[in-house]
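Let me begin by presenting the structure, written as structure tokens, before commenting on it.
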Amino acid sequence: MTHLDTEIKLLKDNVLELMFLVKNQLEKGRKALDNFDEELAHEIMANEKRVDSLELTIDRDCENILALFNPVAVDLRFVMASFKINSDLERIGDHTNSVAKYILDFGKPIDEGTIKEMQIDEMYETSIKMMSNVFNAFITEDTKLARKVFKLDKTLNEINRNVSDVTAKLIKENLDQTQNYLYLFSIIRKLERVGDLTKNIAEDLIFYIEAKVLKHKKMNSKNNNGNSEED
């Protein structure tokens with residue numbers, strides 16, 4: 001294994017760690033909202049420092065690899081994809097942190113019927129599934145799994161399109177809960193952005209994985225041609 005291979009592996013491990021951390025933040029956000037768990041919301045906000053620290057580490061890793069090793073072809077694609085994925089993961093972390101702040105601002109549990117009517121659980125379930133797909137696609141280098149994210153994102157977009165009318169209706173029916181309805185509305189907006197960012201990650205994964213697969217096919221083709229000539 002060359003020095004470049006070692007650095008690429010370390011970069012991949014760090015990106016995977018950040019992806020797992022952000023996915024975990026998203027899952028904790030759902031639990032904190034469903035159970036009105038203020039301690040869990042505080043934990044999410046505390047973990048944001050870990051997200052930011054790891055994001056800076058990955059940025060530095062990418063810059064060092066580019067400066068010191070001048071990678072080309074598939075290695076270059078991986079570094080560029082990692083740089084973009086890192087940025088998107090950090091932004092997802094920011095959104096989970098904002099949701100935690102909203103939960104603390106509620107001051108009391110939110111009515112389950114309201115959460116159901118605004119389809120927040122469905123938003124969370126879908127966004128978490130999207131993150132799980134890109135996480136597993138990154139590990140297994142499976143483009144089919146990454147592409148499943150695109151269809152799931154349409155579910156988030158549909159709920160997001162409908163939420164304005166639902167929120168207006170709820171406010172009209174119960175004016176004294178206006179602030180909480182607006183908080184929930186903001187959470188849906190945040191989750192919709194999480195979906196967009198996760199879709200970006202899927203696109204970057206496909207960009208890298210397909211290049212790697214193509215390289216392997218070319219190498220196998222050359223090896224087979226070489227064997228045929230020897231025969």
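Letters A, B, ... mark the chains of the structure tokens in the order given; residue numbers begin at 1 per chain; ligand numbers begin at 1, in order shown.
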
Sorted by chain and rising residue number, list the residues of stretch 109-155 of chain A at most 12 Å from stretch 84-102 of chain A (counting only C-alpha atoms), each with its closest atom pair and distance in Å to one decimal, as a tab-separated table.
```
residue	atom	partner	partner_atom	distance
A:Pro109	CA	A:Tyr102	CA	11.9
A:Ile110	CA	A:Tyr102	CA	11.6
A:Ile120	CA	A:Val99	CA	12.0
A:Tyr124	CA	A:Thr96	CA	11.0
A:Ser127	CA	A:Ile92	CA	10.7
A:Ile128	CA	A:Ile92	CA	11.5
A:Met131	CA	A:Leu89	CA	10.0
A:Val134	CA	A:Ile85	CA	10.5
A:Phe135	CA	A:Leu89	CA	11.2
A:Phe138	CA	A:Ile85	CA	10.7
```

Store the residues picked out above in a file with C-alpha atoms, as a PDB file, in the first residue's frame.
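Resulting contents of selection.pdb:
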```
ATOM      1  CA  PRO A 109     -44.685  18.227  24.739  1.00  0.00           C
ATOM      2  CA  ILE A 110     -46.329  18.754  21.364  1.00  0.00           C
ATOM      3  CA  ILE A 120     -43.405  15.299  10.796  1.00  0.00           C
ATOM      4  CA  TYR A 124     -38.142  12.157   9.904  1.00  0.00           C
ATOM      5  CA  SER A 127     -34.876  11.613   5.895  1.00  0.00           C
ATOM      6  CA  ILE A 128     -33.328   9.026   8.244  1.00  0.00           C
ATOM      7  CA  MET A 131     -29.152   9.021   5.354  1.00  0.00           C
ATOM      8  CA  VAL A 134     -26.041   6.916   1.579  1.00  0.00           C
ATOM      9  CA  PHE A 135     -24.207   5.600   4.654  1.00  0.00           C
ATOM     10  CA  PHE A 138     -20.611   4.637   0.944  1.00  0.00           C
TER      11      PHE A 138
END
```

Quiz prompt | Close residues, stretch 30-40 of chain A itself excluded, 12 Å, only C-alpha atoms, min 5 positions apart in chain, as a ChimeraX atom specification | solution = /A:23-25,45-47,96-97,99-116,120-128,183-184,187-188,191

Practice problem: Find the residues around A:Thr143 up to 9 Å (only C-alpha atoms counted), leave out those fewer than 5 positions away in its own chain, and share them as a ChimeraX atom specification. | Solution: /A:137-138,148,202,205-206,209-210

Output N, CA and C atoms for every residue in the selection just made, as a compact mmCIF listing (two decimals), in the first residue's frame.
```txt
# COMPACT_ATOMS: atom_id res chain seq x y z
N ALA A 137 -24.40 2.92 1.19
CA ALA A 137 -23.86 3.00 -0.17
C ALA A 137 -22.39 3.38 -0.14
N PHE A 138 -22.01 4.23 0.80
CA PHE A 138 -20.61 4.64 0.94
C PHE A 138 -19.75 3.45 1.35
N LYS A 148 -31.65 5.18 -4.66
CA LYS A 148 -32.94 5.10 -3.96
C LYS A 148 -33.26 6.40 -3.24
N ALA A 202 -25.61 11.62 -2.35
CA ALA A 202 -25.83 10.46 -3.22
C ALA A 202 -25.24 10.70 -4.61
N LEU A 205 -21.49 10.39 -4.44
CA LEU A 205 -21.09 8.99 -4.31
C LEU A 205 -21.14 8.28 -5.66
N ILE A 206 -22.21 8.52 -6.40
CA ILE A 206 -22.35 7.90 -7.71
C ILE A 206 -21.23 8.36 -8.64
N ILE A 209 -18.12 6.33 -7.40
CA ILE A 209 -18.22 4.87 -7.52
C ILE A 209 -18.20 4.42 -8.98
N GLU A 210 -18.94 5.14 -9.83
CA GLU A 210 -18.99 4.73 -11.23
C GLU A 210 -17.63 4.86 -11.90
```

Quiz item: How many Å lie between atom CA of A:Leu26 and atom CA of A:Val149, rounded to one decimal?
Solution: 16.0 Å

Quiz prompt | Polymer residues at most 9 Å from stretch 56-69 of chain A, only C-alpha atoms, same-chain spacing of 3 or more positions, as a PyMOL selection string | solution = chain A and resi 3-4+7-8+10-11+14-15+51-53+76+79-80+82-83+86-87
